[in-house]
file start20.cif (mmCIF, C-alpha atoms)
data_structure
#
loop_
_atom_site.group_PDB
_atom_site.id
_atom_site.type_symbol
_atom_site.label_atom_id
_atom_site.label_comp_id
_atom_site.auth_asym_id
_atom_site.auth_seq_id
_atom_site.Cartn_x
_atom_site.Cartn_y
_atom_site.Cartn_z
ATOM 1 C CA MET A 22 234.222 -15.195 -25.537
ATOM 2 C CA VAL A 23 233.759 -16.601 -29.045
ATOM 3 C CA THR A 24 230.265 -15.094 -29.270
ATOM 4 C CA ALA A 25 231.615 -11.659 -28.335
ATOM 5 C CA LEU A 26 234.344 -11.995 -30.965
ATOM 6 C CA VAL A 27 231.782 -13.021 -33.622
ATOM 7 C CA SER A 28 229.585 -10.046 -32.645
ATOM 8 C CA ILE A 29 232.512 -7.630 -32.916
ATOM 9 C CA LEU A 30 233.528 -9.093 -36.274
ATOM 10 C CA GLY A 31 229.906 -8.849 -37.456
ATOM 11 C CA ILE A 32 229.734 -5.175 -36.434
ATOM 12 C CA ILE A 33 233.054 -4.449 -38.149
ATOM 13 C CA PHE A 34 231.841 -6.257 -41.284
ATOM 14 C CA ILE A 35 228.611 -4.213 -41.330
ATOM 15 C CA LEU A 36 230.578 -0.951 -40.853
ATOM 16 C CA VAL A 37 232.931 -1.856 -43.711
ATOM 17 C CA ILE A 38 229.933 -2.584 -45.971
ATOM 18 C CA ILE A 39 228.318 0.750 -45.023
ATOM 19 C CA ILE A 40 231.582 2.629 -45.732
ATOM 20 C CA LEU A 41 232.019 0.848 -49.074
ATOM 21 C CA LEU A 42 228.417 1.640 -50.059
ATOM 22 C CA TYR A 43 228.966 5.287 -49.132
ATOM 23 C CA ILE A 44 232.151 5.436 -51.242
ATOM 24 C CA TYR A 45 230.332 3.753 -54.129
ATOM 25 C CA GLN A 46 227.388 6.194 -53.982
ATOM 26 C CA THR A 47 229.639 9.230 -53.629
ATOM 27 C CA GLN A 48 231.801 8.145 -56.549
ATOM 28 C CA ARG A 49 228.708 7.773 -58.726
ATOM 29 C CA LYS A 50 227.468 11.259 -57.745
ATOM 30 C CA LEU A 51 230.881 12.784 -58.447
ATOM 31 C CA VAL A 52 231.104 11.100 -61.850
ATOM 32 C CA ASN A 53 227.570 12.255 -62.672
ATOM 33 C CA LEU A 54 228.360 15.867 -61.757
ATOM 34 C CA ASP A 55 231.669 15.732 -63.627
ATOM 35 C CA GLU A 56 229.884 14.505 -66.751
ATOM 36 C CA LEU A 57 227.215 17.203 -66.392
ATOM 37 C CA CYS A 58 229.984 19.840 -66.211
ATOM 38 C CA LYS A 59 231.613 18.388 -69.333
ATOM 39 C CA ASN A 60 228.252 18.353 -71.111
ATOM 40 C CA ALA A 61 227.535 21.974 -70.198
ATOM 41 C CA MET A 62 231.010 23.001 -71.395
ATOM 42 C CA SER A 63 230.373 21.124 -74.632
ATOM 43 C CA GLN A 64 227.059 22.968 -75.079
ATOM 44 C CA ILE A 65 228.875 26.262 -74.598
ATOM 45 C CA SER A 66 231.445 25.223 -77.185
ATOM 46 C CA VAL A 67 228.729 24.311 -79.704
ATOM 47 C CA GLN A 68 226.940 27.639 -79.198
ATOM 48 C CA LEU A 69 230.189 29.607 -79.456
ATOM 49 C CA ASN A 70 231.029 27.797 -82.697
ATOM 50 C CA SER A 71 227.577 28.635 -84.042
ATOM 51 C CA ARG A 72 228.155 32.233 -83.079
ATOM 52 C CA TRP A 73 231.521 32.207 -84.847
ATOM 53 C CA ASP A 74 229.782 30.805 -87.940
ATOM 54 C CA ALA A 75 227.212 33.608 -87.838
ATOM 55 C CA LEU A 76 229.976 36.193 -87.413
ATOM 56 C CA LEU A 77 231.795 34.670 -90.367
ATOM 57 C CA ALA A 78 228.624 34.972 -92.460
ATOM 58 C CA LEU A 79 228.282 38.587 -91.334
ATOM 59 C CA ALA A 80 231.909 39.303 -92.261
ATOM 60 C CA LYS A 81 231.380 37.734 -95.671
ATOM 61 C CA MET A 82 228.319 39.940 -96.155
ATOM 62 C CA ALA A 83 230.371 42.966 -95.204
ATOM 63 C CA SER A 84 233.026 42.022 -97.754
ATOM 64 C CA LYS A 85 230.795 43.430 -100.475
ATOM 65 C CA TYR A 86 231.196 46.855 -98.874
ATOM 66 C CA THR A 87 234.706 46.901 -97.440
ATOM 67 C CA LYS A 88 237.113 44.407 -98.956
ATOM 68 C CA HIS A 89 240.235 44.848 -96.794
ATOM 69 C CA GLU A 90 238.549 45.063 -93.379
ATOM 70 C CA SER A 91 236.277 42.084 -94.016
ATOM 71 C CA GLU A 92 239.089 39.892 -95.396
ATOM 72 C CA THR A 93 241.058 40.541 -92.222
ATOM 73 C CA LEU A 94 238.006 39.755 -90.084
ATOM 74 C CA ILE A 95 237.313 36.556 -92.018
ATOM 75 C CA LYS A 96 240.889 35.379 -91.429
ATOM 76 C CA VAL A 97 240.703 36.270 -87.722
ATOM 77 C CA ILE A 98 237.315 34.580 -87.285
ATOM 78 C CA THR A 99 238.472 31.435 -89.088
ATOM 79 C CA ALA A 100 241.608 31.218 -86.938
ATOM 80 C CA ARG A 101 239.900 31.936 -83.612
ATOM 81 C CA ARG A 102 237.027 29.580 -84.317
ATOM 82 C CA GLN A 103 239.463 26.684 -83.893
ATOM 83 C CA THR A 104 240.274 27.731 -80.306
ATOM 84 C CA PRO A 105 239.261 24.975 -77.876
ATOM 85 C CA THR A 106 236.707 25.641 -75.134
ATOM 86 C CA GLU A 107 237.494 22.974 -72.580
ATOM 87 C CA THR A 108 237.952 25.147 -69.489
ATOM 88 C CA ALA A 109 236.290 28.178 -67.960
ATOM 89 C CA GLU A 110 239.329 30.270 -68.928
ATOM 90 C CA ASP A 111 238.999 29.169 -72.577
ATOM 91 C CA VAL A 112 235.349 30.213 -72.636
ATOM 92 C CA THR A 113 236.095 33.605 -71.081
ATOM 93 C CA LYS A 114 238.916 34.233 -73.567
ATOM 94 C CA GLN A 115 236.776 33.237 -76.540
ATOM 95 C CA GLN A 116 233.890 35.344 -75.267
ATOM 96 C CA GLY A 117 236.178 38.389 -75.180
ATOM 97 C CA GLU A 118 237.386 37.710 -78.721
ATOM 98 C CA LEU A 119 233.797 37.370 -79.932
ATOM 99 C CA THR A 120 232.901 40.701 -78.322
ATOM 100 C CA GLN A 121 235.843 42.459 -80.019
ATOM 101 C CA ILE A 122 234.997 41.084 -83.451
ATOM 102 C CA MET A 123 231.317 41.815 -82.958
ATOM 103 C CA GLY A 124 232.249 45.430 -82.195
ATOM 104 C CA ARG A 125 234.286 45.663 -85.393
ATOM 105 C CA LEU A 126 231.428 44.213 -87.440
ATOM 106 C CA MET A 127 228.960 46.625 -85.856
ATOM 107 C CA ALA A 128 231.281 49.502 -86.788
ATOM 108 C CA ILE A 129 231.271 48.292 -90.392
ATOM 109 C CA GLY A 130 227.476 48.101 -90.257
ATOM 110 C CA GLU A 131 227.317 51.684 -88.972
ATOM 111 C CA ALA A 132 229.682 52.879 -91.711
ATOM 112 C CA TYR A 133 227.600 51.243 -94.430
ATOM 113 C CA PRO A 134 223.880 51.898 -93.774
ATOM 114 C CA GLU A 135 222.848 49.876 -96.829
ATOM 115 C CA LEU A 136 224.505 46.820 -95.252
ATOM 116 C CA LYS A 137 222.783 47.445 -91.945
ATOM 117 C CA ALA A 138 219.421 47.800 -93.736
ATOM 118 C CA SER A 139 219.789 44.357 -95.353
ATOM 119 C CA ASP A 140 217.305 41.691 -94.234
ATOM 120 C CA LEU A 141 220.077 39.104 -94.255
ATOM 121 C CA PHE A 142 222.180 41.324 -91.982
ATOM 122 C CA ASP A 143 219.240 41.639 -89.567
ATOM 123 C CA LYS A 144 218.559 37.896 -89.589
ATOM 124 C CA THR A 145 222.221 37.115 -88.989
ATOM 125 C CA MET A 146 222.339 39.611 -86.111
ATOM 126 C CA ASP A 147 219.224 37.989 -84.642
ATOM 127 C CA SER A 148 220.833 34.557 -84.858
ATOM 128 C CA ILE A 149 223.992 35.901 -83.188
ATOM 129 C CA ASN A 150 221.845 37.272 -80.366
ATOM 130 C CA SER A 151 220.043 33.940 -80.112
ATOM 131 C CA TYR A 152 223.357 32.076 -79.871
ATOM 132 C CA GLU A 153 224.490 34.557 -77.223
ATOM 133 C CA GLU A 154 221.364 33.800 -75.188
ATOM 134 C CA ASN A 155 222.031 30.060 -75.563
ATOM 135 C CA VAL A 156 225.612 30.591 -74.374
ATOM 136 C CA ARG A 157 224.318 32.565 -71.388
ATOM 137 C CA MET A 158 221.922 29.768 -70.450
ATOM 138 C CA SER A 159 224.617 27.107 -70.908
ATOM 139 C CA ARG A 160 226.973 29.156 -68.728
ATOM 140 C CA MET A 161 224.325 29.225 -66.008
ATOM 141 C CA VAL A 162 223.852 25.444 -66.233
ATOM 142 C CA TYR A 163 227.621 24.910 -66.093
ATOM 143 C CA ASN A 164 228.059 27.188 -63.061
ATOM 144 C CA ASP A 165 225.140 25.549 -61.238
ATOM 145 C CA THR A 166 226.591 22.098 -61.880
ATOM 146 C CA ALA A 167 230.092 23.271 -60.939
ATOM 147 C CA THR A 168 228.664 24.580 -57.646
ATOM 148 C CA LYS A 169 227.202 21.164 -56.823
ATOM 149 C CA MET A 170 230.452 19.457 -57.818
ATOM 150 C CA ASN A 171 232.555 21.875 -55.773
ATOM 151 C CA ARG A 172 230.370 21.359 -52.708
ATOM 152 C CA MET A 173 230.877 17.618 -52.891
ATOM 153 C CA VAL A 174 234.611 18.033 -53.451
ATOM 154 C CA ARG A 175 234.963 20.410 -50.502
ATOM 155 C CA MET A 176 232.472 19.066 -47.906
ATOM 156 C CA TRP A 177 233.352 16.298 -45.540
ATOM 157 C CA PRO A 178 232.976 13.278 -45.795
ATOM 158 C CA SER A 179 232.506 13.414 -49.574
ATOM 159 C CA SER A 180 235.732 15.464 -49.810
ATOM 160 C CA PHE A 181 237.613 12.411 -48.540
ATOM 161 C CA VAL A 182 236.181 10.260 -51.330
ATOM 162 C CA ALA A 183 236.725 13.015 -53.923
ATOM 163 C CA SER A 184 240.395 13.410 -53.023
ATOM 164 C CA MET A 185 240.851 9.649 -52.885
ATOM 165 C CA LEU A 186 239.388 9.332 -56.404
ATOM 166 C CA ASN A 187 241.189 12.439 -57.713
ATOM 167 C CA PHE A 188 238.143 14.672 -58.327
ATOM 168 C CA ARG A 189 238.950 18.398 -58.274
ATOM 169 C CA GLU A 190 236.960 21.597 -58.003
ATOM 170 C CA LYS A 191 235.644 23.064 -61.244
ATOM 171 C CA ALA A 192 236.436 26.653 -62.162
ATOM 172 C CA TYR A 193 233.461 28.954 -62.534
ATOM 173 C CA LEU A 194 232.689 30.881 -65.681
ATOM 174 C CA THR A 195 232.853 34.570 -64.873
ATOM 175 C CA VAL A 196 231.640 37.722 -66.553
ATOM 176 C CA ASP A 197 234.227 39.441 -68.697
ATOM 177 C CA GLU A 198 235.179 42.646 -66.833
ATOM 178 C CA GLU A 199 235.226 44.637 -70.077
ATOM 179 C CA LYS A 200 231.692 43.505 -70.865
ATOM 180 C CA LYS A 201 230.535 44.205 -67.308
ATOM 181 C CA ASN A 202 231.929 47.748 -67.485
ATOM 182 C CA SER A 203 230.230 48.384 -70.851
ATOM 183 C CA TYR A 204 226.739 48.274 -69.330
ATOM 184 C CA PRO A 205 225.174 51.691 -68.801
ATOM 185 C CA ASN A 206 225.239 53.104 -65.302
ATOM 186 C CA ILE A 207 221.573 53.552 -64.355
ATOM 187 C CA ASP A 208 222.382 55.949 -61.485
ATOM 188 C CA GLU A 209 224.158 58.344 -63.872
ATOM 189 C CA ALA A 210 221.313 58.144 -66.394
ATOM 190 C CA PHE A 211 218.790 59.546 -63.928
ATOM 191 C CA ASN A 212 220.967 62.330 -62.492
#
call {"tool": "encode", "arguments": {"input": "start20.cif", "output": "structure tokens"}}
result
Amino acid sequence: MVTALVSILGIIFILVIIILLYIYQTQRKLVNLDELCKNAMSQISVQLNSRWDALLALAKMASKYTKHESETLIKVITARRQTPTETAEDVTKQQGELTQIMGRLMAIGEAYPELKASDLFDKTMDSINSYEENVRMSRMVYNDTATKMNRMVRMWPSSFVASMLNFREKAYLTVDEEKKNSYPNIDEAFN
């Protein structure tokens, strides 16, 4: 009788150890994925700030040609540059604002061909495009990491550990609908 009780207690002890090890490993994976998501969001924020800086430089260049419009743009860029990018919604909002301002700066460039012909203007535009590519890559990294995190948060048995430790799903970064609709329709082009 005592031997059976010791065997049962031994089995229970081993099961408790296995469960605790599973919780420990799952917690470490969740923390790792959470930190990777934060890192990717931080990378996006850095690239967006660099893009804002380049836009500010472009607006300052344009100020030589159109005083009022560029002063307004400089004020807007300076104010919007301070906007935090901690969530997917923040990034999407800031991306839309960048697109609007970029459109206004391109209109100024079209109105003043001598500005558009400037080497500095071209280099700044190239750096803006480079920052945009870096943002695109960082967005992909963030979404890939968020997918892994969301799977762990939603799939059983890791979902049990995630809810117990208060881990939540991460929102995905999405394409701005306005930007998506601005792409040319290939079907119409060939008709």
call {"tool": "resolve_selection", "arguments": {"input": "start20.cif", "expression": "the PyMOL selection byres ((chain A and resi 115) around 9)", "output": "ChimeraX atom specification"}}
result
/A:69,101-102,104-106,110-114,116-120
call {"tool": "atom_distance", "arguments": {"input": "start20.cif", "atom1": "CA of Ala109 in chain A", "atom2": "CA of Met62 in chain A"}}
result
8.2 Å
call {"tool": "residues_around", "arguments": {"input": "start20.cif", "residues": "Glu107 in chain A", "least_positions_apart": "6", "cutoff": "10 Å", "atoms": "only C-alpha atoms", "output": "number ranges by chain"}}
result
A: 59, 62-63, 65-66
call {"tool": "residues_near_point", "arguments": {"input": "start20.cif", "point": "(238.5, 8.1, -59.1)", "cutoff": "10 Å", "atoms": "all atoms listed in the file", "output": "list in words"}}
result
Gln48, Arg49, Leu51, Val52, Val182, Ala183, Ser184, Met185, Leu186, Asn187 and Phe188 of chain A
call {"tool": "resolve_selection", "arguments": {"input": "start20.cif", "expression": "the PyMOL selection byres ((chain A and resi 76) around 8)", "output": "compact mmCIF listing (two decimals) with C-alpha atoms, keeping the file's coordinate frame"}}
result
# COMPACT_ATOMS: atom_id res chain seq x y z
CA ARG A 72 228.16 32.23 -83.08
CA TRP A 73 231.52 32.21 -84.85
CA ASP A 74 229.78 30.80 -87.94
CA ALA A 75 227.21 33.61 -87.84
CA LEU A 77 231.80 34.67 -90.37
CA ALA A 78 228.62 34.97 -92.46
CA LEU A 79 228.28 38.59 -91.33
CA ALA A 80 231.91 39.30 -92.26
CA ILE A 98 237.32 34.58 -87.28
CA MET A 123 231.32 41.82 -82.96
CA THR A 145 222.22 37.12 -88.99
CA ILE A 149 223.99 35.90 -83.19
call {"tool": "resolve_selection", "arguments": {"input": "start20.cif", "expression": "the PyMOL selection byres ((chain A and resi 157) around 12)", "output": "count of residues only"}}
result
27
call {"tool": "atom_distance", "arguments": {"input": "start20.cif", "atom1": "CA of Gln103 in chain A", "atom2": "CA of Asp147 in chain A"}}
result
23.2 Å
call {"tool": "atom_distance", "arguments": {"input": "start20.cif", "atom1": "CA of Lys81 in chain A", "atom2": "CA of Ile95 in chain A"}}
result
7.1 Å
call {"tool": "residues_near_point", "arguments": {"input": "start20.cif", "point": "(237.5, 21.7, -53.8)", "cutoff": "7 Å", "atoms": "all atoms listed in the file", "output": "PDB file with C-alpha atoms, in the coordinates of the input"}}
result
ATOM      1  CA  ASN A 171     232.555  21.875 -55.773  1.00  0.00           C
ATOM      2  CA  VAL A 174     234.611  18.033 -53.451  1.00  0.00           C
ATOM      3  CA  ARG A 175     234.963  20.410 -50.502  1.00  0.00           C
ATOM      4  CA  ARG A 189     238.950  18.398 -58.274  1.00  0.00           C
ATOM      5  CA  GLU A 190     236.960  21.597 -58.003  1.00  0.00           C
TER       6      GLU A 190
END
call {"tool": "axis_aligned_box", "arguments": {"input": "start20.cif", "around": "range 40-47 of chain A", "padding_each_side": "6 Å", "output": "JSON"}}
result
{"center_x": 229.8, "center_y": 5.0, "center_z": -49.9, "size_x": 16.8, "size_y": 20.4, "size_z": 20.4}
call {"tool": "residues_around", "arguments": {"input": "start20.cif", "residues": "Asp55 in chain A", "least_positions_apart": "6", "cutoff": "9 Å", "atoms": "all atoms listed in the file", "output": "PDB file with C-alpha atoms, keeping the file's coordinate frame"}}
result
ATOM      1  CA  THR A 166     226.591  22.098 -61.880  1.00  0.00           C
ATOM      2  CA  ALA A 167     230.092  23.271 -60.939  1.00  0.00           C
ATOM      3  CA  MET A 170     230.452  19.457 -57.818  1.00  0.00           C
ATOM      4  CA  PHE A 188     238.143  14.672 -58.327  1.00  0.00           C
ATOM      5  CA  LYS A 191     235.644  23.064 -61.244  1.00  0.00           C
TER       6      LYS A 191
END
call {"tool": "build_atoms", "arguments": {"input": "start20.cif", "residues": "range 29-40 of chain A", "atoms": "all heavy atoms", "output": "compact mmCIF listing (two decimals), in the coordinates of the input"}}
result
# COMPACT_ATOMS: atom_id res chain seq x y z
N ILE A 29 231.63 -8.75 -32.55
CA ILE A 29 232.51 -7.63 -32.92
C ILE A 29 232.87 -7.71 -34.40
O ILE A 29 232.85 -6.71 -35.11
CB ILE A 29 233.77 -7.62 -32.02
CG1 ILE A 29 233.38 -7.25 -30.59
CG2 ILE A 29 234.82 -6.65 -32.56
CD1 ILE A 29 234.50 -7.37 -29.59
N LEU A 30 233.21 -8.91 -34.86
CA LEU A 30 233.53 -9.09 -36.27
C LEU A 30 232.31 -8.78 -37.16
O LEU A 30 232.45 -8.20 -38.24
CB LEU A 30 234.04 -10.50 -36.55
CG LEU A 30 235.46 -10.80 -36.05
CD1 LEU A 30 235.79 -12.29 -36.27
CD2 LEU A 30 236.47 -9.93 -36.73
N GLY A 31 231.14 -9.15 -36.71
CA GLY A 31 229.91 -8.85 -37.46
C GLY A 31 229.67 -7.34 -37.55
O GLY A 31 229.32 -6.82 -38.62
N ILE A 32 229.89 -6.63 -36.45
CA ILE A 32 229.73 -5.18 -36.43
C ILE A 32 230.77 -4.52 -37.35
O ILE A 32 230.44 -3.63 -38.14
CB ILE A 32 229.84 -4.63 -34.98
CG1 ILE A 32 228.60 -5.08 -34.19
CG2 ILE A 32 229.96 -3.11 -34.98
CD1 ILE A 32 228.68 -4.80 -32.71
N ILE A 33 231.99 -4.99 -37.29
CA ILE A 33 233.05 -4.45 -38.15
C ILE A 33 232.71 -4.71 -39.62
O ILE A 33 232.86 -3.83 -40.47
CB ILE A 33 234.43 -5.05 -37.77
CG1 ILE A 33 234.87 -4.51 -36.41
CG2 ILE A 33 235.47 -4.73 -38.84
CD1 ILE A 33 236.12 -5.16 -35.86
N PHE A 34 232.23 -5.90 -39.91
CA PHE A 34 231.84 -6.26 -41.28
C PHE A 34 230.73 -5.34 -41.79
O PHE A 34 230.78 -4.82 -42.91
CB PHE A 34 231.41 -7.73 -41.34
CG PHE A 34 230.97 -8.16 -42.71
CD1 PHE A 34 231.90 -8.38 -43.72
CD2 PHE A 34 229.62 -8.34 -43.01
CE1 PHE A 34 231.50 -8.78 -44.98
CE2 PHE A 34 229.22 -8.73 -44.26
CZ PHE A 34 230.16 -8.96 -45.26
N ILE A 35 229.73 -5.09 -40.95
CA ILE A 35 228.61 -4.21 -41.33
C ILE A 35 229.11 -2.79 -41.55
O ILE A 35 228.72 -2.13 -42.53
CB ILE A 35 227.49 -4.26 -40.26
CG1 ILE A 35 226.80 -5.63 -40.32
CG2 ILE A 35 226.48 -3.13 -40.46
CD1 ILE A 35 225.83 -5.88 -39.20
N LEU A 36 230.01 -2.30 -40.69
CA LEU A 36 230.58 -0.95 -40.85
C LEU A 36 231.38 -0.83 -42.15
O LEU A 36 231.29 0.18 -42.86
CB LEU A 36 231.46 -0.58 -39.66
CG LEU A 36 230.71 -0.24 -38.37
CD1 LEU A 36 231.69 -0.01 -37.22
CD2 LEU A 36 229.84 0.98 -38.57
N VAL A 37 232.15 -1.86 -42.47
CA VAL A 37 232.93 -1.86 -43.71
C VAL A 37 231.99 -1.82 -44.92
O VAL A 37 232.22 -1.07 -45.87
CB VAL A 37 233.89 -3.08 -43.77
CG1 VAL A 37 234.46 -3.27 -45.17
CG2 VAL A 37 235.01 -2.92 -42.76
N ILE A 38 230.92 -2.58 -44.88
CA ILE A 38 229.93 -2.58 -45.97
C ILE A 38 229.30 -1.20 -46.11
O ILE A 38 229.16 -0.69 -47.23
CB ILE A 38 228.85 -3.67 -45.74
CG1 ILE A 38 229.45 -5.07 -45.79
CG2 ILE A 38 227.70 -3.53 -46.72
CD1 ILE A 38 230.02 -5.45 -47.14
N ILE A 39 228.93 -0.58 -44.99
CA ILE A 39 228.32 0.75 -45.02
C ILE A 39 229.30 1.77 -45.63
O ILE A 39 228.92 2.58 -46.48
CB ILE A 39 227.85 1.19 -43.61
CG1 ILE A 39 226.64 0.34 -43.19
CG2 ILE A 39 227.52 2.68 -43.57
CD1 ILE A 39 226.22 0.53 -41.75
N ILE A 40 230.56 1.71 -45.21
CA ILE A 40 231.58 2.63 -45.73
C ILE A 40 231.78 2.40 -47.23
O ILE A 40 231.85 3.36 -48.01
CB ILE A 40 232.91 2.48 -44.95
CG1 ILE A 40 232.73 3.02 -43.53
CG2 ILE A 40 234.05 3.18 -45.67
CD1 ILE A 40 233.89 2.72 -42.60
